[in-house]
file upload_38.cif (mmCIF, C-alpha atoms and all ligand atoms)
data_work
#
loop_
_atom_site.label_atom_id
_atom_site.label_comp_id
_atom_site.auth_asym_id
_atom_site.auth_seq_id
_atom_site.Cartn_x
_atom_site.Cartn_y
_atom_site.Cartn_z
CA MET A 1 0.00 0.00 0.00
CA ILE A 2 1.15 3.54 -0.70
CA ALA A 3 0.22 5.86 2.12
CA SER A 4 -1.13 9.23 1.12
CA ALA A 5 1.04 12.15 2.08
CA SER A 6 0.01 13.90 5.26
CA ALA A 7 -2.08 16.93 4.41
CA SER A 8 -3.32 19.14 7.18
CA THR A 9 -3.90 17.10 10.29
CA ASP A 10 -2.76 17.25 13.90
CA LEU A 11 -2.23 13.47 14.07
CA PHE A 12 1.50 14.15 14.18
CA SER A 13 1.25 16.70 16.98
CA PRO A 14 1.50 16.08 20.74
CA ALA A 15 -1.55 15.12 22.76
CA ARG A 16 -2.41 14.50 26.37
CA LEU A 17 -4.64 11.57 27.38
CA GLY A 18 -5.20 11.79 31.13
CA ASP A 19 -1.71 11.82 32.63
CA LEU A 20 -0.15 10.36 29.48
CA GLU A 21 1.75 12.83 27.31
CA LEU A 22 2.07 11.60 23.75
CA ALA A 23 4.46 12.99 21.15
CA ASN A 24 1.83 12.30 18.46
CA ARG A 25 -1.69 10.87 18.16
CA ILE A 26 -0.69 7.62 16.48
CA VAL A 27 -0.89 4.69 18.87
CA MET A 28 0.47 1.17 18.44
CA ALA A 29 -2.45 -1.14 19.21
CA PRO A 30 -1.96 -4.20 21.46
CA MET A 31 -0.76 -7.33 19.72
CA THR A 32 -0.16 -10.77 21.17
CA ARG A 33 2.97 -12.14 19.50
CA ASN A 34 3.60 -15.31 21.58
CA ARG A 35 7.31 -14.81 22.11
CA ALA A 36 7.57 -14.54 25.92
CA GLY A 37 10.18 -16.55 27.83
CA LEU A 38 9.86 -19.80 29.78
CA HIS A 39 8.49 -18.01 32.84
CA ASP A 40 6.19 -15.75 30.83
CA GLU A 41 8.75 -12.97 31.10
CA PRO A 42 9.56 -10.41 28.39
CA THR A 43 12.69 -11.44 26.48
CA ALA A 44 15.52 -9.47 24.85
CA HIS A 45 13.67 -9.80 21.52
CA MET A 46 10.61 -8.22 23.06
CA VAL A 47 12.72 -5.35 24.41
CA GLU A 48 14.08 -4.76 20.93
CA TYR A 49 10.65 -5.07 19.26
CA TYR A 50 9.11 -2.38 21.45
CA ARG A 51 12.23 -0.18 21.28
CA GLN A 52 12.03 -0.19 17.48
CA ARG A 53 8.42 1.04 17.64
CA ALA A 54 8.92 3.74 20.31
CA SER A 55 8.13 6.60 17.91
CA ALA A 56 4.45 5.71 18.26
CA GLY A 57 2.74 8.37 20.37
CA LEU A 58 1.83 5.53 22.71
CA ILE A 59 2.51 1.80 22.64
CA VAL A 60 -0.11 -0.49 24.11
CA THR A 61 1.66 -3.77 24.81
CA GLU A 62 0.43 -7.22 23.95
CA GLY A 63 -2.18 -8.69 26.30
CA THR A 64 -0.47 -9.57 29.59
CA HIS A 65 -1.94 -11.81 32.26
CA PRO A 66 -2.42 -10.54 35.82
CA SER A 67 -2.35 -14.02 37.34
CA ARG A 68 -1.61 -17.63 36.44
CA ALA A 69 -5.31 -18.29 35.98
CA GLY A 70 -5.50 -15.33 33.60
CA LYS A 71 -3.25 -16.95 31.01
CA GLY A 72 -5.04 -18.45 28.02
CA TYR A 73 -2.56 -18.54 25.15
CA PHE A 74 0.89 -19.99 24.66
CA ARG A 75 4.00 -17.91 25.42
CA THR A 76 2.13 -14.78 26.46
CA PRO A 77 3.76 -12.59 29.13
CA GLY A 78 2.61 -12.02 32.71
CA ILE A 79 3.11 -9.19 35.21
CA HIS A 80 2.63 -11.03 38.50
CA GLU A 81 6.08 -12.58 39.12
CA PRO A 82 9.38 -10.78 39.86
CA ALA A 83 11.10 -12.06 36.68
CA GLN A 84 8.20 -10.75 34.61
CA ILE A 85 8.34 -7.33 36.29
CA SER A 86 12.12 -7.16 35.67
CA GLY A 87 11.58 -8.05 32.02
CA TRP A 88 8.99 -5.33 31.61
CA ARG A 89 11.38 -2.85 33.26
CA LYS A 90 13.83 -3.48 30.40
CA VAL A 91 11.04 -2.89 27.87
CA ALA A 92 9.95 0.35 29.60
CA ASP A 93 13.54 1.62 29.80
CA ALA A 94 14.16 0.88 26.13
CA VAL A 95 11.00 2.68 25.01
CA HIS A 96 11.63 5.64 27.30
CA GLY A 97 15.23 5.78 26.09
CA GLU A 98 13.84 6.50 22.62
CA GLY A 99 11.43 9.13 23.97
CA GLY A 100 8.33 6.91 23.74
CA ARG A 101 5.43 6.09 26.06
CA ILE A 102 4.13 2.60 26.82
CA VAL A 103 1.17 1.16 28.73
CA LEU A 104 0.63 -2.49 29.54
CA GLN A 105 -2.52 -4.23 28.37
CA LEU A 106 -3.96 -6.31 31.21
CA MET A 107 -5.61 -9.40 29.70
CA HIS A 108 -7.26 -12.07 31.85
CA CYS A 109 -8.53 -14.70 29.42
CA GLY A 110 -11.05 -16.29 31.76
CA ARG A 111 -12.69 -19.20 29.89
CA ALA A 112 -10.88 -18.45 26.60
CA SER A 113 -8.03 -20.66 27.65
CA VAL A 114 -6.37 -23.92 26.62
CA LYS A 115 -5.22 -25.96 29.60
CA ALA A 116 -1.88 -26.91 28.04
CA ASN A 117 -1.00 -23.24 27.51
CA LYS A 118 -0.85 -22.46 31.21
CA ALA A 119 0.83 -23.75 34.38
CA PRO A 120 -0.45 -27.28 35.22
CA ASP A 121 -2.01 -26.11 38.49
CA ALA A 122 -3.54 -22.91 37.08
CA GLU A 123 -7.33 -22.95 37.08
CA THR A 124 -9.66 -21.72 34.36
CA VAL A 125 -12.33 -19.45 35.82
CA ALA A 126 -15.22 -17.46 34.39
CA PRO A 127 -18.43 -15.74 35.54
CA SER A 128 -20.39 -18.92 34.73
CA ALA A 129 -19.48 -22.51 33.92
CA ILE A 130 -20.20 -22.14 30.21
CA PRO A 131 -17.42 -23.38 27.94
CA CYS A 132 -16.02 -21.32 25.07
CA ARG A 133 -16.94 -23.23 21.89
CA ALA A 134 -14.29 -21.43 19.84
CA GLU A 135 -11.00 -23.28 19.61
CA ILE A 136 -7.80 -21.39 20.30
CA PRO A 137 -4.19 -22.31 19.49
CA GLY A 138 -2.43 -24.69 21.83
CA PRO A 139 1.34 -25.01 22.44
CA ASP A 140 1.94 -26.51 18.98
CA GLY A 141 0.04 -23.68 17.28
CA ARG A 142 -2.84 -25.96 16.28
CA ARG A 143 -6.34 -25.05 17.38
CA ALA A 144 -7.43 -26.87 20.51
CA GLN A 145 -10.47 -27.19 22.70
CA THR A 146 -10.72 -24.67 25.54
CA ASP A 147 -10.79 -25.69 29.17
CA MET A 148 -14.15 -26.06 30.97
CA PRO A 149 -14.29 -23.05 33.31
CA ARG A 150 -15.27 -23.05 36.96
CA ALA A 151 -17.70 -20.29 37.93
CA LEU A 152 -16.09 -17.85 40.35
CA GLU A 153 -17.64 -17.76 43.82
CA THR A 154 -18.91 -14.31 44.78
CA ALA A 155 -16.34 -14.09 47.56
CA GLU A 156 -13.48 -14.79 45.13
CA ILE A 157 -14.22 -11.90 42.82
CA ALA A 158 -12.60 -9.28 45.06
CA GLN A 159 -9.39 -11.31 44.84
CA VAL A 160 -9.47 -11.36 41.04
CA ILE A 161 -9.99 -7.60 41.03
CA GLU A 162 -7.10 -7.19 43.47
CA GLU A 163 -4.88 -9.21 41.09
CA TYR A 164 -5.60 -6.64 38.40
CA ALA A 165 -4.82 -3.77 40.84
CA GLN A 166 -1.58 -5.42 41.96
CA SER A 167 -0.59 -6.00 38.34
CA ALA A 168 -1.14 -2.31 37.66
CA ARG A 169 1.14 -1.49 40.61
CA ASN A 170 3.67 -3.95 39.21
CA ALA A 171 3.48 -2.27 35.82
CA ARG A 172 4.22 1.09 37.39
CA ALA A 173 7.03 -0.44 39.48
CA ALA A 174 8.49 -1.69 36.20
CA GLY A 175 8.42 1.89 34.89
CA LEU A 176 5.56 1.42 32.43
CA ASP A 177 3.43 4.54 32.03
CA GLY A 178 0.07 2.96 32.79
CA VAL A 179 -2.28 0.11 31.93
CA GLU A 180 -5.13 -0.66 29.57
CA LEU A 181 -7.84 -3.05 30.72
CA HIS A 182 -8.72 -5.50 27.93
CA CYS A 183 -12.53 -5.62 27.98
CA THR A 184 -13.21 -7.28 24.63
CA SER A 185 -12.38 -10.33 22.46
CA GLY A 186 -14.22 -12.72 24.75
CA TYR A 187 -11.91 -12.43 27.76
CA LEU A 188 -12.91 -12.25 31.41
CA PRO A 189 -14.25 -8.66 31.57
CA MET A 190 -16.33 -9.22 28.43
CA GLN A 191 -17.53 -12.56 29.83
CA PHE A 192 -18.99 -10.63 32.77
CA LEU A 193 -20.48 -7.94 30.53
CA SER A 194 -22.23 -10.25 28.04
CA THR A 195 -25.58 -11.97 28.47
CA GLY A 196 -24.36 -15.16 26.75
CA THR A 197 -21.57 -15.84 29.25
CA ASN A 198 -22.89 -14.32 32.46
CA ARG A 199 -25.72 -16.35 34.03
CA ARG A 200 -24.89 -15.37 37.61
CA CYS A 201 -27.59 -14.72 40.17
CA ASP A 202 -25.47 -12.67 42.59
CA ARG A 203 -24.54 -8.97 42.41
CA TYR A 204 -22.27 -9.67 39.40
CA GLY A 205 -24.96 -11.02 37.10
CA GLY A 206 -28.60 -10.80 36.08
CA SER A 207 -29.45 -7.12 35.70
CA LEU A 208 -27.48 -4.76 33.48
CA THR A 209 -26.14 -2.95 36.55
CA ASN A 210 -24.89 -6.25 37.90
CA ARG A 211 -23.30 -7.38 34.63
CA ILE A 212 -21.21 -4.23 34.33
CA ARG A 213 -20.19 -4.31 38.02
CA PHE A 214 -17.06 -6.44 37.57
CA VAL A 215 -15.56 -4.09 34.98
CA VAL A 216 -16.59 -0.97 36.91
CA GLU A 217 -15.06 -2.29 40.15
CA THR A 218 -11.91 -3.42 38.34
CA LEU A 219 -11.42 -0.02 36.71
CA GLU A 220 -12.05 1.67 40.08
CA ALA A 221 -9.52 -0.59 41.79
CA VAL A 222 -6.86 -0.15 39.11
CA ALA A 223 -7.45 3.62 39.09
CA ALA A 224 -7.08 3.73 42.87
CA ALA A 225 -3.87 1.69 42.61
CA ILE A 226 -1.99 3.84 40.08
CA GLY A 227 -4.08 6.96 39.51
CA PRO A 228 -6.98 7.16 37.05
CA GLY A 229 -5.07 9.28 34.53
CA ARG A 230 -2.83 6.30 33.77
CA VAL A 231 -5.65 3.86 33.09
CA GLY A 232 -7.46 3.15 29.84
CA PHE A 233 -9.80 0.38 28.75
CA ARG A 234 -10.54 -1.33 25.46
CA ILE A 235 -13.99 -2.19 24.13
CA PHE A 236 -15.62 -3.53 20.97
CA PRO A 237 -19.38 -3.63 21.58
CA GLY A 238 -20.97 -6.64 19.89
CA ASN A 239 -17.66 -8.40 19.15
CA PRO A 240 -18.51 -12.10 18.57
CA PHE A 241 -14.87 -13.29 18.79
CA ASN A 242 -14.31 -16.28 21.10
CA ASP A 243 -17.94 -17.39 21.04
CA MET A 244 -19.46 -14.25 22.54
CA GLN A 245 -23.10 -13.19 22.43
CA ASP A 246 -24.76 -10.16 23.99
CA GLU A 247 -28.47 -9.51 23.59
CA ASP A 248 -28.10 -5.73 23.55
CA PRO A 249 -24.55 -4.39 23.21
CA ALA A 250 -25.72 -0.77 22.90
CA SER A 251 -27.34 -0.95 26.35
CA THR A 252 -24.47 -2.88 27.90
CA TYR A 253 -21.73 -0.54 26.71
CA GLY A 254 -23.81 2.63 27.10
CA ALA A 255 -24.28 1.73 30.77
CA LEU A 256 -20.62 0.83 31.21
CA LEU A 257 -19.40 4.07 29.63
CA ARG A 258 -21.75 6.15 31.79
CA ALA A 259 -20.70 4.28 34.93
CA VAL A 260 -16.98 4.94 34.45
CA ASP A 261 -17.20 8.34 32.75
CA GLY A 262 -16.63 10.20 36.00
CA LEU A 263 -13.56 8.23 37.13
CA GLY A 264 -11.06 10.50 35.38
CA LEU A 265 -9.60 7.68 33.28
CA ALA A 266 -7.08 8.41 30.53
CA TYR A 267 -9.01 7.01 27.56
CA VAL A 268 -11.33 4.47 26.05
CA HIS A 269 -9.77 2.47 23.20
CA LEU A 270 -12.50 1.53 20.75
CA ILE A 271 -12.30 -1.13 18.07
CA HIS A 272 -14.64 0.55 15.64
CA ALA A 273 -16.58 -1.66 13.22
CA PRO A 274 -19.86 0.15 12.64
CA THR A 275 -22.87 -1.87 11.48
CA GLU A 276 -26.39 -0.78 10.57
CA ALA A 277 -27.46 -1.81 14.05
CA LEU A 278 -24.72 -0.10 16.02
CA ASP A 279 -22.11 2.60 15.51
CA ALA A 280 -20.06 2.30 18.68
CA LEU A 281 -18.25 5.59 18.12
CA GLU A 282 -21.62 7.34 18.29
CA LEU A 283 -22.32 5.39 21.47
CA VAL A 284 -19.00 6.45 22.96
CA LYS A 285 -19.55 10.09 22.03
CA ALA A 286 -22.98 10.01 23.68
CA HIS A 287 -21.85 8.47 26.98
CA TRP A 288 -18.17 9.27 27.46
CA HIS A 289 -16.41 12.62 27.86
CA ALA A 290 -12.71 11.74 28.20
CA ALA A 291 -10.29 10.82 25.41
CA VAL A 292 -11.05 8.28 22.69
CA ILE A 293 -8.56 6.18 20.73
CA ALA A 294 -10.14 4.57 17.66
CA ASN A 295 -8.84 1.46 15.91
CA ASN A 296 -9.58 -0.98 13.14
CA ASN A 297 -8.40 -1.27 9.59
CA LEU A 298 -7.27 2.32 9.39
CA ASN A 299 -5.01 4.00 6.88
CA LEU A 300 -3.83 7.59 6.99
CA ASP A 301 -6.89 8.94 5.17
CA SER A 302 -9.44 7.18 7.35
CA ALA A 303 -7.43 8.07 10.46
CA ARG A 304 -7.37 11.70 9.45
CA ALA A 305 -11.10 11.63 8.73
CA LEU A 306 -11.77 10.24 12.22
CA ARG A 307 -9.72 13.04 13.74
CA THR A 308 -11.57 15.67 11.73
CA GLY A 309 -14.12 17.35 13.91
CA ARG A 310 -12.31 16.02 16.99
CA ARG A 311 -14.36 12.81 16.93
CA VAL A 312 -11.36 10.96 18.37
CA ASP A 313 -8.24 12.07 20.21
CA ALA A 314 -5.92 9.47 18.74
CA VAL A 315 -5.96 6.53 16.34
CA SER A 316 -4.29 3.16 16.67
CA PHE A 317 -2.76 0.78 14.17
CA ALA A 318 -1.90 -2.83 14.86
CA ARG A 319 -0.79 -4.79 11.77
CA TRP A 320 0.94 -1.84 10.08
CA PHE A 321 3.14 -1.52 13.17
CA ILE A 322 4.26 -5.14 12.81
CA SER A 323 5.95 -4.49 9.49
CA ASN A 324 6.67 -0.76 9.79
CA PRO A 325 8.53 -0.04 13.02
CA ASP A 326 8.81 3.60 11.92
CA LEU A 327 5.13 3.80 10.92
CA VAL A 328 4.63 7.34 12.23
CA GLU A 329 7.50 8.70 10.16
CA ARG A 330 6.38 6.79 7.07
CA LEU A 331 2.83 8.14 7.36
CA ARG A 332 4.12 11.65 7.95
CA ARG A 333 6.31 11.52 4.87
CA GLY A 334 3.86 9.61 2.71
CA ALA A 335 6.40 6.80 2.35
CA PRO A 336 5.35 3.32 1.17
CA LEU A 337 4.32 0.81 3.80
CA THR A 338 5.66 -2.74 4.02
CA MET A 339 3.08 -5.55 4.16
CA PRO A 340 3.31 -7.77 7.26
CA ASP A 341 4.04 -11.50 6.97
CA ARG A 342 0.97 -13.11 8.57
CA SER A 343 2.69 -16.46 8.94
CA LYS A 344 4.97 -14.88 11.57
CA PHE A 345 2.30 -13.10 13.61
CA TYR A 346 2.25 -15.73 16.34
CA THR A 347 5.32 -17.82 15.56
CA GLY A 348 8.98 -17.26 14.97
CA GLU A 349 11.51 -15.62 17.18
CA ALA A 350 13.39 -12.71 15.58
CA ALA A 351 11.96 -13.49 12.14
CA GLY A 352 8.89 -11.46 11.29
CA TYR A 353 9.33 -9.66 14.59
CA ILE A 354 12.44 -7.51 14.89
CA ASP A 355 13.78 -7.83 11.35
CA TYR A 356 11.51 -5.34 9.56
CA PRO A 357 13.75 -2.47 8.46
CA ARG A 358 13.12 1.22 8.86
CA PHE A 359 12.23 3.05 5.66
CA GLU A 360 15.69 4.58 5.23
CA LEU A 361 17.16 1.08 5.02
CA SER A 362 14.51 -0.34 2.68
CA PRO A 363 15.74 -1.20 -0.81
C1 LIG B 401 -1.15 -10.50 15.69
C2 LIG B 401 -2.28 -9.77 16.41
C3 LIG B 401 -2.40 -9.89 17.78
C4 LIG B 401 -3.39 -9.18 18.47
N1 LIG B 401 -3.43 -9.24 19.85
C5 LIG B 401 -4.25 -8.41 20.53
C6 LIG B 401 -4.16 -8.30 21.94
O1 LIG B 401 -3.31 -8.92 22.62
N2 LIG B 401 -5.03 -7.46 22.56
C7 LIG B 401 -5.97 -6.73 21.87
O2 LIG B 401 -6.73 -5.98 22.48
N3 LIG B 401 -6.07 -6.82 20.52
C8 LIG B 401 -5.21 -7.61 19.84
N4 LIG B 401 -5.26 -7.63 18.47
C9 LIG B 401 -6.19 -6.74 17.74
C10 LIG B 401 -5.48 -5.45 17.31
O3 LIG B 401 -5.08 -4.66 18.43
C11 LIG B 401 -6.38 -4.58 16.41
O4 LIG B 401 -7.56 -4.28 17.10
C12 LIG B 401 -6.72 -5.24 15.08
O5 LIG B 401 -5.59 -5.86 14.49
C13 LIG B 401 -7.28 -4.22 14.10
O6 LIG B 401 -6.34 -3.17 13.90
P1 LIG B 401 -5.47 -3.07 12.54
O7 LIG B 401 -6.48 -3.07 11.41
O8 LIG B 401 -4.74 -1.76 12.64
O9 LIG B 401 -4.56 -4.25 12.47
C14 LIG B 401 -4.30 -8.36 17.75
C15 LIG B 401 -4.20 -8.29 16.36
C16 LIG B 401 -3.19 -8.96 15.69
C17 LIG B 401 -3.08 -8.81 14.18
#
call {"tool": "encode", "arguments": {"input": "upload_38.cif", "output": "structure tokens", "more": "lines below"}}
Ligand SMILES: Cc1cc2nc3c(=O)[nH]c(=O)nc-3n(C[C@H](O)[C@H](O)[C@H](O)COP(=O)(O)O)c2cc1C
result
Amino acid sequence: MIASASASTDLFSPARLGDLELANRIVMAPMTRNRAGLHDEPTAHMVEYYRQRASAGLIVTEGTHPSRAGKGYFRTPGIHEPAQISGWRKVADAVHGEGGRIVLQLMHCGRASVKANKAPDAETVAPSAIPCRAEIPGPDGRRAQTDMPRALETAEIAQVIEEYAQSARNARAAGLDGVELHCTSGYLPMQFLSTGTNRRCDRYGGSLTNRIRFVVETLEAVAAAIGPGRVGFRIFPGNPFNDMQDEDPASTYGALLRAVDGLGLAYVHLIHAPTEALDALELVKAHWHAAVIANNNLNLDSARALRTGRRVDAVSFARWFISNPDLVERLRRGAPLTMPDRSKFYTGEAAGYIDYPRFELSP
């Protein structure tokens, strides 16, 4: 693809999202790359990968589990053990050394988890004991059946929320600039939010107010742990990924946005895929007054159009950042973009990961 040259836009100008000061409004979206070490710790390759992409206004890291039970995929990193925190410190230092900003995406997979991907004694938990019928890759990369989840007891939920809060403290101790709560793609927060996966009869299920409670309490706890201006959250209302169903996403996410609008959070990160039934950006604009990062299939023109009229504060790119470590500079100059090699998204070590050249070095 040839990017269009950057006509008048402030996408390349600094922005402030809560307490996060960005050099530009182009964010690297979170991407699981399955290259963590034996103890789910960030490796030297991961340090280099994020360092290369530090010219993004903000990097949102790959989904990172807040506990052993929160792991669902193979070779994903954690943030609950000392070796993991030390590994993230190296990532944060490398990104900061290049003048970048980086927040950690907290991802608890809940029921979207293959047993063989996690520690043998790690449980699989969810709001209700309803299995995920989607298969997800196991250790050999082939799709496998997910683990039957155990429904969390009411009394256990405070502990799960505290694991998120402690992970946010760990992220800050590692020098990361903040955290993003992953509330979509069929993981634990979305399992609580959605009617298809939440059949609870306690204060965390049943009514709409009860279904949003887990996410609201988690965001409150994480905000109290590290300051609200360093906390964002990611949503995609109606996302069916990982066998999700919600009877009325507009009501669910409208209520959630209203409930957390006053917390002083840094941003909401929206995966925007409007349908005739629901335009989630309209929903966000109606119920949310802090910053918005919009994502999904963007190029410079569509990103600029989203920014026109201040509909969003920043835009994020995922796949273009895989193959264009200097994406911001390429977009600014109207330079050609390199296509990513899909076969290396989730496999490979250095290959397809830290070997994409900067534009200056391209043939
Ligand atoms: C390899 C890969 C891994 C991803 N992992 C995550 C993840 O860990 N957390 C998340 O919220 N989204 C994840 N996503 C979704 C992206 O952040 C993004 O929403 C999606 O790719 C659409 O943006 P794009 O069109 O700019 O690629 C992933 C996408 C890709 C391609």
call {"tool": "residues_near_ligand", "arguments": {"input": "upload_38.cif", "ligand": "ligand LIG 401 (chain B)", "cutoff": "7 Å", "atoms": "all atoms listed in the file", "output": "PyMOL selection string"}}
result
chain A and resi 29-33+62-63+182+184+234+271+295-298+316-320+345-346
call {"tool": "atom_distance", "arguments": {"input": "upload_38.cif", "atom1": "atom CA of A:Ser13", "atom2": "atom CA of A:Arg258"}}
result
29.3 Å
call {"tool": "closest_residue", "arguments": {"input": "upload_38.cif", "among": "A:Leu265, A:Ala54, A:Leu256, A:Met190", "to": "A:Ala223", "atoms": "only C-alpha atoms"}}
result
A:Leu265
call {"tool": "residues_near_point", "arguments": {"input": "upload_38.cif", "point": "(7.2, -18.3, 31.2)", "cutoff": "9 Å", "atoms": "only C-alpha atoms", "output": "short mmCIF file (atom, residue, chain, number, x, y, z; two decimals) with C-alpha atoms, in the frame of the given file"}}
result
data_model
loop_
_atom_site.label_atom_id
_atom_site.label_comp_id
_atom_site.auth_asym_id
_atom_site.auth_seq_id
_atom_site.Cartn_x
_atom_site.Cartn_y
_atom_site.Cartn_z
CA ALA A 36 7.57 -14.54 25.92
CA GLY A 37 10.18 -16.55 27.83
CA LEU A 38 9.86 -19.80 29.78
CA HIS A 39 8.49 -18.01 32.84
CA ASP A 40 6.19 -15.75 30.83
CA GLU A 41 8.75 -12.97 31.10
CA PRO A 42 9.56 -10.41 28.39
CA ARG A 75 4.00 -17.91 25.42
CA THR A 76 2.13 -14.78 26.46
CA PRO A 77 3.76 -12.59 29.13
CA GLY A 78 2.61 -12.02 32.71
CA GLN A 84 8.20 -10.75 34.61
CA ALA A 119 0.83 -23.75 34.38
#
call {"tool": "atom_distance", "arguments": {"input": "upload_38.cif", "atom1": "atom CA of A:Ala290", "atom2": "atom CA of A:Leu208"}}
result
22.8 Å
call {"tool": "residues_around", "arguments": {"input": "upload_38.cif", "residues": "A:Trp88", "least_positions_apart": "5", "cutoff": "8 Å", "atoms": "all atoms listed in the file", "output": "VMD selection string"}}
result
chain A and resid 41 to 42 79 171 174 to 176
call {"tool": "write_last_selection", "arguments": {"input": "upload_38.cif", "atoms": "C-alpha atoms", "output": "PDB file, in the coordinates of the input"}}
result
ATOM      1  CA  GLU A  41       8.750 -12.970  31.100  1.00  0.00           C
ATOM      2  CA  PRO A  42       9.560 -10.410  28.390  1.00  0.00           C
ATOM      3  CA  ILE A  79       3.110  -9.190  35.210  1.00  0.00           C
ATOM      4  CA  ALA A 171       3.480  -2.270  35.820  1.00  0.00           C
ATOM      5  CA  ALA A 174       8.490  -1.690  36.200  1.00  0.00           C
ATOM      6  CA  GLY A 175       8.420   1.890  34.890  1.00  0.00           C
ATOM      7  CA  LEU A 176       5.560   1.420  32.430  1.00  0.00           C
TER       8      LEU A 176
END
call {"tool": "closest_residue", "arguments": {"input": "upload_38.cif", "among": "A:Thr9, A:Thr154, A:Thr124, A:Gln245", "to": "A:Ala303", "atoms": "all atoms listed in the file"}}
result
A:Thr9
call {"tool": "atom_distance", "arguments": {"input": "upload_38.cif", "atom1": "atom CA of A:His272", "atom2": "atom CA of A:Thr197"}}
result
22.4 Å
call {"tool": "closest_residue", "arguments": {"input": "upload_38.cif", "among": "A:Arg332, A:Arg143, A:Phe321, A:Ser194", "to": "A:Tyr353", "atoms": "all atoms listed in the file"}}
result
A:Phe321
call {"tool": "axis_aligned_box", "arguments": {"input": "upload_38.cif", "around": "stretch 271-279 of chain A", "padding_each_side": "6 Å", "output": "AutoDock Vina command-line options"}}
result
--center_x -19.9 --center_y 0.4 --center_z 14.3 --size_x 27.2 --size_y 16.5 --size_z 19.5
call {"tool": "residues_around", "arguments": {"input": "upload_38.cif", "residues": "A:Ile212", "least_positions_apart": "6", "cutoff": "9 Å", "atoms": "all atoms listed in the file", "output": "ChimeraX atom specification"}}
result
/A:189,192-194,204-205,252-253,255-256,259
call {"tool": "residues_around", "arguments": {"input": "upload_38.cif", "residues": "A:Ile130", "least_positions_apart": "6", "cutoff": "12 Å", "atoms": "all atoms listed in the file", "output": "ChimeraX atom specification"}}
result
/A:110-112,124,146-152,191-192,195-200,243-244
call {"tool": "closest_residue", "arguments": {"input": "upload_38.cif", "among": "A:Met28, A:Ala94, A:Ala225, A:Val103", "to": "A:Ala294", "atoms": "all atoms listed in the file"}}
result
A:Met28
call {"tool": "residues_around", "arguments": {"input": "upload_38.cif", "residues": "A:Gly254", "least_positions_apart": "2", "cutoff": "12 Å", "atoms": "all atoms listed in the file", "output": "PDB file with C-alpha atoms, in the frame of the given file"}}
result
ATOM      1  CA  LEU A 193     -20.480  -7.940  30.530  1.00  0.00           C
ATOM      2  CA  LEU A 208     -27.480  -4.760  33.480  1.00  0.00           C
ATOM      3  CA  THR A 209     -26.140  -2.950  36.550  1.00  0.00           C
ATOM      4  CA  ILE A 212     -21.210  -4.230  34.330  1.00  0.00           C
ATOM      5  CA  ILE A 235     -13.990  -2.190  24.130  1.00  0.00           C
ATOM      6  CA  PHE A 236     -15.620  -3.530  20.970  1.00  0.00           C
ATOM      7  CA  PRO A 237     -19.380  -3.630  21.580  1.00  0.00           C
ATOM      8  CA  ASP A 248     -28.100  -5.730  23.550  1.00  0.00           C
ATOM      9  CA  PRO A 249     -24.550  -4.390  23.210  1.00  0.00           C
ATOM     10  CA  ALA A 250     -25.720  -0.770  22.900  1.00  0.00           C
ATOM     11  CA  SER A 251     -27.340  -0.950  26.350  1.00  0.00           C
ATOM     12  CA  THR A 252     -24.470  -2.880  27.900  1.00  0.00           C
ATOM     13  CA  LEU A 256     -20.620   0.830  31.210  1.00  0.00           C
ATOM     14  CA  LEU A 257     -19.400   4.070  29.630  1.00  0.00           C
ATOM     15  CA  ARG A 258     -21.750   6.150  31.790  1.00  0.00           C
ATOM     16  CA  ALA A 259     -20.700   4.280  34.930  1.00  0.00           C
ATOM     17  CA  VAL A 260     -16.980   4.940  34.450  1.00  0.00           C
ATOM     18  CA  ASP A 261     -17.200   8.340  32.750  1.00  0.00           C
ATOM     19  CA  LEU A 278     -24.720  -0.100  16.020  1.00  0.00           C
ATOM     20  CA  ASP A 279     -22.110   2.600  15.510  1.00  0.00           C
ATOM     21  CA  ALA A 280     -20.060   2.300  18.680  1.00  0.00           C
ATOM     22  CA  LEU A 281     -18.250   5.590  18.120  1.00  0.00           C
ATOM     23  CA  GLU A 282     -21.620   7.340  18.290  1.00  0.00           C
ATOM     24  CA  LEU A 283     -22.320   5.390  21.470  1.00  0.00           C
ATOM     25  CA  VAL A 284     -19.000   6.450  22.960  1.00  0.00           C
ATOM     26  CA  LYS A 285     -19.550  10.090  22.030  1.00  0.00           C
ATOM     27  CA  ALA A 286     -22.980  10.010  23.680  1.00  0.00           C
ATOM     28  CA  HIS A 287     -21.850   8.470  26.980  1.00  0.00           C
ATOM     29  CA  TRP A 288     -18.170   9.270  27.460  1.00  0.00           C
TER      30      TRP A 288
END
call {"tool": "closest_residue", "arguments": {"input": "upload_38.cif", "among": "A:Lys118, A:Lys90, A:Val60, A:Glu217", "to": "A:Val179", "atoms": "all atoms listed in the file"}}
result
A:Val60
call {"tool": "closest_residue", "arguments": {"input": "upload_38.cif", "among": "A:Gly97, A:Gly178, A:Pro127, A:Pro120", "to": "A:Arg203", "atoms": "all atoms listed in the file"}}
result
A:Pro127
call {"tool": "residues_around", "arguments": {"input": "upload_38.cif", "residues": "A:Arg101", "least_positions_apart": "6", "cutoff": "7 Å", "atoms": "only C-alpha atoms", "output": "CSV table (one decimal) with C-alpha atoms, keeping the file's coordinate frame"}}
result
chain,number,residue,atom,x,y,z
A,22,LEU,CA,2.1,11.6,23.8
A,57,GLY,CA,2.7,8.4,20.4
A,58,LEU,CA,1.8,5.5,22.7
A,59,ILE,CA,2.5,1.8,22.6
A,95,VAL,CA,11.0,2.7,25.0
A,177,ASP,CA,3.4,4.5,32.0
call {"tool": "decode", "arguments": {"input": "upload_38.cif", "residues": "stretch 126-131 of chain A", "atoms": "C-alpha atoms", "output": "mmCIF file, in the first residue's frame"}}
result
data_model
loop_
_atom_site.group_PDB
_atom_site.id
_atom_site.type_symbol
_atom_site.label_atom_id
_atom_site.label_comp_id
_atom_site.auth_asym_id
_atom_site.auth_seq_id
_atom_site.Cartn_x
_atom_site.Cartn_y
_atom_site.Cartn_z
ATOM 1 C CA ALA A 126 -15.221 -17.459 34.388
ATOM 2 C CA PRO A 127 -18.429 -15.739 35.536
ATOM 3 C CA SER A 128 -20.394 -18.917 34.733
ATOM 4 C CA ALA A 129 -19.483 -22.515 33.924
ATOM 5 C CA ILE A 130 -20.197 -22.140 30.214
ATOM 6 C CA PRO A 131 -17.417 -23.380 27.937
#
